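work-v7.tsv follows; it contains TSV, C-alpha atoms.
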chain	number	residue	atom	x	y	z
U	1	MET	CA	-6.60	-52.00	-74.52
U	2	ALA	CA	-6.28	-54.19	-71.45
U	3	GLU	CA	-9.12	-53.94	-68.95
U	4	GLU	CA	-8.21	-51.98	-65.82
U	5	LYS	CA	-7.77	-54.10	-62.73
U	6	LYS	CA	-10.63	-53.66	-60.28
U	7	SER	CA	-10.29	-53.32	-56.54
U	8	ARG	CA	-12.30	-55.48	-54.16
U	9	ILE	CA	-14.64	-52.58	-53.34
U	10	GLU	CA	-15.30	-51.84	-57.03
U	11	ALA	CA	-15.92	-55.53	-57.70
U	12	ASP	CA	-18.37	-55.75	-54.78
U	13	ILE	CA	-20.27	-52.66	-55.97
U	14	GLU	CA	-20.50	-54.09	-59.48
U	15	SER	CA	-21.66	-57.46	-58.20
U	16	LEU	CA	-24.31	-55.86	-55.98
U	17	GLU	CA	-25.65	-53.89	-58.95
U	18	LYS	CA	-26.05	-57.24	-60.73
U	19	GLY	CA	-27.77	-58.73	-57.69
U	20	ILE	CA	-24.81	-60.92	-56.77
U	21	PHE	CA	-22.54	-60.48	-53.78
U	22	THR	CA	-19.04	-61.81	-54.33
U	23	GLY	CA	-17.85	-61.16	-50.76
U	24	GLU	CA	-14.24	-61.36	-49.67
U	25	GLU	CA	-13.38	-63.80	-52.45
U	26	GLY	CA	-14.67	-61.59	-55.25
U	27	GLY	CA	-12.84	-59.32	-57.66
U	28	GLU	CA	-9.25	-59.48	-58.83
U	29	GLU	CA	-7.82	-59.44	-55.31
U	30	ARG	CA	-8.61	-63.05	-54.52
U	31	SER	CA	-6.39	-64.32	-51.75
U	32	SER	CA	-3.63	-66.78	-52.62
U	33	PRO	CA	-2.05	-69.59	-50.57
U	34	ARG	CA	1.11	-67.50	-50.16
U	35	LYS	CA	-0.86	-64.47	-48.97
U	36	ASP	CA	-2.62	-66.60	-46.37
U	37	PHE	CA	0.73	-68.10	-45.33
U	38	ILE	CA	2.31	-64.66	-44.88
U	39	ALA	CA	-0.81	-63.39	-43.10
U	40	SER	CA	-0.66	-66.27	-40.61
U	41	ILE	CA	2.98	-65.48	-39.82
U	42	VAL	CA	2.34	-61.74	-39.41
U	43	VAL	CA	-0.71	-62.29	-37.21
U	44	ALA	CA	1.19	-64.80	-35.06
U	45	LEU	CA	4.10	-62.38	-34.61
U	46	LEU	CA	1.70	-59.61	-33.62
U	47	GLY	CA	0.11	-61.95	-31.10
U	48	ILE	CA	3.47	-62.90	-29.60
U	49	PHE	CA	4.52	-59.24	-29.47
U	50	ALA	CA	1.26	-58.29	-27.72
U	51	MET	CA	1.72	-61.05	-25.14
U	52	ILE	CA	5.31	-59.97	-24.41
U	53	LEU	CA	4.21	-56.36	-23.88
U	54	ALA	CA	1.31	-57.55	-21.72
U	55	VAL	CA	3.66	-59.43	-19.39
U	56	ASP	CA	5.83	-56.32	-19.03
U	57	LEU	CA	2.89	-54.18	-17.86
U	58	GLY	CA	3.33	-55.19	-14.25
U	59	LYS	CA	2.51	-57.85	-11.69
U	60	PRO	CA	-0.19	-56.81	-9.20
U	61	GLU	CA	-1.34	-59.01	-6.34
U	62	SER	CA	-4.08	-60.69	-8.36
U	63	LEU	CA	-3.81	-62.04	-11.90
U	64	TYR	CA	-7.43	-61.08	-12.59
U	65	THR	CA	-6.70	-57.37	-12.04
U	66	ALA	CA	-3.50	-57.28	-14.08
U	67	PRO	CA	-3.48	-54.49	-16.72
U	68	GLY	CA	-1.93	-56.91	-19.19
U	69	LEU	CA	-4.63	-59.57	-18.85
U	70	LEU	CA	-6.80	-58.36	-21.73
U	71	PRO	CA	-3.85	-57.70	-24.13
U	72	PHE	CA	-2.41	-61.12	-23.22
U	73	VAL	CA	-5.69	-62.89	-24.00
U	74	THR	CA	-6.01	-60.89	-27.23
U	75	GLY	CA	-2.47	-61.86	-28.26
U	76	ALA	CA	-3.17	-65.51	-27.52
U	77	SER	CA	-6.35	-65.30	-29.61
U	78	LEU	CA	-4.36	-63.87	-32.53
U	79	ILE	CA	-1.92	-66.77	-32.33
U	80	LEU	CA	-4.77	-69.31	-32.34
U	81	MET	CA	-6.34	-67.62	-35.37
U	82	ALA	CA	-2.98	-67.60	-37.15
U	83	ILE	CA	-2.54	-71.32	-36.48
U	84	GLY	CA	-6.07	-71.98	-37.77
U	85	LEU	CA	-5.40	-70.02	-40.98
U	86	PHE	CA	-2.09	-71.84	-41.52
U	87	VAL	CA	-3.60	-75.30	-41.01
U	88	LYS	CA	-6.61	-74.54	-43.21
U	89	THR	CA	-4.43	-73.21	-46.04
U	90	LYS	CA	-1.98	-76.12	-45.79
U	91	ARG	CA	-4.78	-78.68	-45.97
U	92	ARG	CA	-6.39	-76.95	-48.94
U	93	TYR	CA	-3.33	-76.12	-51.06
U	94	GLY	CA	-0.31	-77.86	-49.57
U	95	LEU	CA	2.93	-76.40	-48.27
U	96	GLU	CA	4.51	-76.17	-51.73
U	97	GLU	CA	1.82	-73.79	-53.01
U	98	MET	CA	2.08	-71.72	-49.85
U	99	LEU	CA	5.82	-71.18	-50.36
U	100	LYS	CA	5.57	-70.11	-54.01
U	101	SER	CA	6.65	-66.52	-54.51
U	102	ASP	CA	6.64	-63.91	-57.28
U	103	GLY	CA	9.46	-62.08	-55.53
U	104	LEU	CA	9.53	-58.29	-55.54
U	105	GLN	CA	6.71	-58.08	-58.08
U	106	ALA	CA	4.29	-59.53	-55.53
U	107	ILE	CA	5.10	-56.70	-53.12
U	108	ILE	CA	4.72	-54.10	-55.89
U	109	ASN	CA	1.35	-55.58	-56.88
U	110	TYR	CA	0.20	-55.57	-53.26
U	111	LEU	CA	1.15	-51.93	-52.72
U	112	GLY	CA	-0.58	-51.02	-55.96
U	113	TYR	CA	-3.98	-51.19	-54.24
U	114	ILE	CA	-5.10	-48.31	-52.06
U	115	GLU	CA	-6.78	-50.79	-49.68
U	116	SER	CA	-3.42	-52.48	-49.11
U	117	ARG	CA	-1.68	-49.20	-48.36
U	118	ARG	CA	-4.46	-48.22	-45.97
U	119	THR	CA	-4.14	-51.59	-44.21
U	120	LEU	CA	-0.39	-51.13	-43.78
U	121	MET	CA	-0.94	-47.64	-42.42
U	122	LEU	CA	-3.47	-48.98	-39.93
U	123	MET	CA	-0.94	-51.58	-38.75
U	124	VAL	CA	1.66	-48.86	-38.23
U	125	VAL	CA	-0.82	-46.71	-36.28
U	126	ILE	CA	-1.75	-49.63	-34.01
U	127	PHE	CA	1.92	-50.50	-33.47
U	128	VAL	CA	2.74	-46.91	-32.46
U	129	TYR	CA	-0.38	-46.85	-30.27
U	130	VAL	CA	0.69	-49.96	-28.36
U	131	MET	CA	4.24	-48.66	-27.92
U	132	VAL	CA	3.13	-45.23	-26.67
U	133	LEU	CA	0.48	-46.71	-24.38
U	134	GLY	CA	3.08	-49.00	-22.82
U	135	GLN	CA	5.16	-45.95	-21.82
U	136	MET	CA	2.28	-44.02	-20.24
U	137	ASP	CA	1.94	-43.75	-16.46
U	138	MET	CA	-0.89	-41.36	-15.60
U	139	ASP	CA	-3.98	-41.70	-13.43
U	140	LEU	CA	-5.96	-38.56	-12.56
U	141	ARG	CA	-8.91	-38.90	-10.19
U	142	PHE	CA	-11.83	-36.63	-9.33
U	143	LYS	CA	-13.85	-37.85	-6.36
U	144	THR	CA	-17.52	-37.04	-5.92
U	145	SER	CA	-20.11	-38.22	-3.44
U	146	PHE	CA	-21.39	-40.90	-5.81
U	147	TYR	CA	-18.46	-41.82	-8.10
U	148	THR	CA	-14.73	-41.36	-8.62
U	149	PHE	CA	-14.08	-40.14	-12.13
U	150	ARG	CA	-10.73	-41.19	-13.59
U	151	PHE	CA	-8.71	-40.11	-16.58
U	152	SER	CA	-5.63	-42.21	-17.27
U	153	GLY	CA	-3.07	-42.68	-19.99
U	154	PHE	CA	-5.42	-45.20	-21.59
U	155	GLU	CA	-8.01	-42.52	-22.33
U	156	LEU	CA	-5.37	-39.91	-23.19
U	157	VAL	CA	-3.83	-42.09	-25.93
U	158	SER	CA	-6.81	-44.18	-27.06
U	159	ILE	CA	-9.28	-41.38	-27.78
U	160	PRO	CA	-7.11	-39.51	-30.35
U	161	VAL	CA	-5.90	-42.76	-31.97
U	162	ILE	CA	-9.42	-44.11	-32.47
U	163	PHE	CA	-10.52	-40.65	-33.59
U	164	PHE	CA	-7.80	-40.67	-36.27
U	165	ILE	CA	-8.75	-44.17	-37.45
U	166	LEU	CA	-12.43	-43.29	-37.65
U	167	ARG	CA	-11.72	-40.00	-39.39
U	168	PHE	CA	-9.53	-41.69	-41.98
U	169	PHE	CA	-11.60	-44.81	-42.68
U	170	TRP	CA	-15.13	-43.73	-41.77
U	171	ARG	CA	-14.73	-40.18	-43.14
U	172	SER	CA	-17.60	-38.88	-41.05
U	173	THR	CA	-17.70	-35.42	-39.47
U	174	ILE	CA	-15.13	-34.43	-36.87
U	175	LEU	CA	-17.82	-34.23	-34.20
U	176	ASN	CA	-19.18	-37.71	-34.96
U	177	CYS	CA	-15.68	-39.24	-34.93
U	178	PHE	CA	-14.88	-37.53	-31.64
U	179	LEU	CA	-18.14	-38.61	-29.98
U	180	VAL	CA	-17.81	-42.22	-31.14
U	181	SER	CA	-14.13	-42.53	-30.18
U	182	THR	CA	-14.73	-40.94	-26.77
U	183	GLY	CA	-17.81	-43.08	-26.15
U	184	ILE	CA	-16.03	-46.32	-27.06
U	185	VAL	CA	-12.98	-45.60	-24.90
U	186	VAL	CA	-14.99	-44.40	-21.89
U	187	PHE	CA	-17.31	-47.41	-22.15
U	188	LEU	CA	-14.39	-49.87	-22.26
U	189	ALA	CA	-12.64	-48.06	-19.40
U	190	VAL	CA	-15.73	-48.21	-17.18
U	191	VAL	CA	-16.48	-51.84	-18.00
U	192	PHE	CA	-12.97	-53.17	-17.38
U	193	ARG	CA	-11.93	-50.77	-14.60
U	194	ASP	CA	-15.14	-50.74	-12.56
U	195	GLY	CA	-16.94	-53.84	-13.77
U	196	PHE	CA	-14.13	-56.39	-13.97
U	197	GLN	CA	-11.73	-54.52	-11.65
U	198	ILE	CA	-8.95	-54.81	-14.24
U	199	LEU	CA	-6.24	-52.14	-14.42
U	200	LEU	CA	-5.94	-50.61	-17.87
U	201	PRO	CA	-2.65	-50.08	-19.73
U	202	GLY	CA	-1.27	-46.59	-19.26
U	203	SER	CA	-2.89	-46.06	-15.86
U	204	GLY	CA	0.24	-46.72	-13.83
Render the structure in this file as structure tokens.
Amino acid sequence: MAEEKKSRIEADIESLEKGIFTGEEGGEERSSPRKDFIASIVVALLGIFAMILAVDLGKPESLYTAPGLLPFVTGASLILMAIGLFVKTKRRYGLEEMLKSDGLQAIINYLGYIESRRTLMLMVVIFVYVMVLGQMDMDLRFKTSFYTFRFSGFELVSIPVIFFILRFFWRSTILNCFLVSTGIVVFLAVVFRDGFQILLPGSG
């Protein structure tokens, strides 16, 4: 009987029990030149898409307070990482190895792993998140004598999305996921809105 194919997580657990850590390159799911080539293209496209959406978020008086500044920089970083992955893979394996394909079977093999399906689902969630956030235009304010509390579309969309991601991948309690997601979003909102004076997406 053929030995069952192990996932990366199972391979890492087995290697740790033996006192050896295989890391990202361990197990049967070792990356291939074609996988790295496809990954570089996908990451670059995501970066370009993020930059396009960032430019469409508006043009305030100052570039440094633009709501699309952070997404634009993030998109540019993704493109640079994609270029780095492409160049590294090309130097190591050559373009011919990168273009080799197993056709439809490669896609079937990829979707056969639960980690791959979870990764695709995460990409879909993030895509929907970016699209919904780009359509939001809400900014509620509650003034006090010492601080103006604000609740915008950024918080409204980001908190439940991060909560869902944490609940699905972290699998902690509902309360823990809610506290962590709320804390992360509020922290980022305060830092960029009040610290750097940068408008956040979804805040109008």
Place a sphere of radius 12 Å on (-8.5, -35.8, -20.5) in the file coordinates and name every protein, DNA or RNA residue with an atom inside or on its surface, counting all atoms listed in the file; give the answer as a compact mmCIF listing (two decimals) with C-alpha atoms, in the coordinates of the input.
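For reference, out.txt as written:
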# COMPACT_ATOMS: atom_id res chain seq x y z
CA MET U 138 -0.89 -41.36 -15.60
CA ASP U 139 -3.98 -41.70 -13.43
CA LEU U 140 -5.96 -38.56 -12.56
CA ARG U 141 -8.91 -38.90 -10.19
CA PHE U 142 -11.83 -36.63 -9.33
CA PHE U 149 -14.08 -40.14 -12.13
CA ARG U 150 -10.73 -41.19 -13.59
CA PHE U 151 -8.71 -40.11 -16.58
CA SER U 152 -5.63 -42.21 -17.27
CA GLY U 153 -3.07 -42.68 -19.99
CA PHE U 154 -5.42 -45.20 -21.59
CA GLU U 155 -8.01 -42.52 -22.33
CA LEU U 156 -5.37 -39.91 -23.19
CA VAL U 157 -3.83 -42.09 -25.93
CA SER U 158 -6.81 -44.18 -27.06
CA ILE U 159 -9.28 -41.38 -27.78
CA PRO U 160 -7.11 -39.51 -30.35
CA THR U 182 -14.73 -40.94 -26.77
CA VAL U 185 -12.98 -45.60 -24.90
CA VAL U 186 -14.99 -44.40 -21.89
Would you work out the distance separating atom CA of U:Phe72 from atom CA of U:Lys88, expressed in Å to one decimal?
24.4 Å
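Put simply, atom CA of U:Leu122 is 26.2 Å away from atom CA of U:Leu99.
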Rounded to one decimal in Å, what is the spacing between atom CA of U:Val55 and atom CA of U:Gly68?
6.1 Å
Shell of 12 Å around U:Leu80, only C-alpha atoms, local chain residues under 3 positions omitted, as a ChimeraX atom specification
/U:40-41,43-48,73-77,83-87
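Minimum distance to U:Asp194 across U:Thr173, U:Thr148, U:Ile52, U:Arg167 (counting only C-alpha atoms) occurs at U:Thr148.
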Within 12 Å of (3.2, -48.8, -25.0) in the file's own coordinates, which protein, DNA or RNA residues have an atom, counting all atoms listed in the file? List them as an MDAnalysis selection string.
chainID U and resid 49:50 52:54 56:57 68 71 126:137 153:154 157:158 200:204
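Among U:Ile165, U:Phe187, U:Arg34, U:Leu199, the residue with the shortest atom-to-atom distance to U:Met123, counting all atoms listed in the file, is U:Ile165.
With only C-alpha atoms as the basis for measurement, U:Phe37 is the residue among U:Phe37, U:Tyr113, U:Phe169, U:Phe146 that approaches U:Gly94 most closely.
Of the listed residues U:Ser181, U:Leu70, U:Met81, U:Lys90, the one whose atoms come nearest to U:Ser32 is U:Lys90, with distances taken using all atoms listed in the file.
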For U:Phe168, which residue out of U:Lys100, U:Lys35, U:Lys143, U:Arg118 is the nearest one, using all atoms listed in the file?
U:Arg118
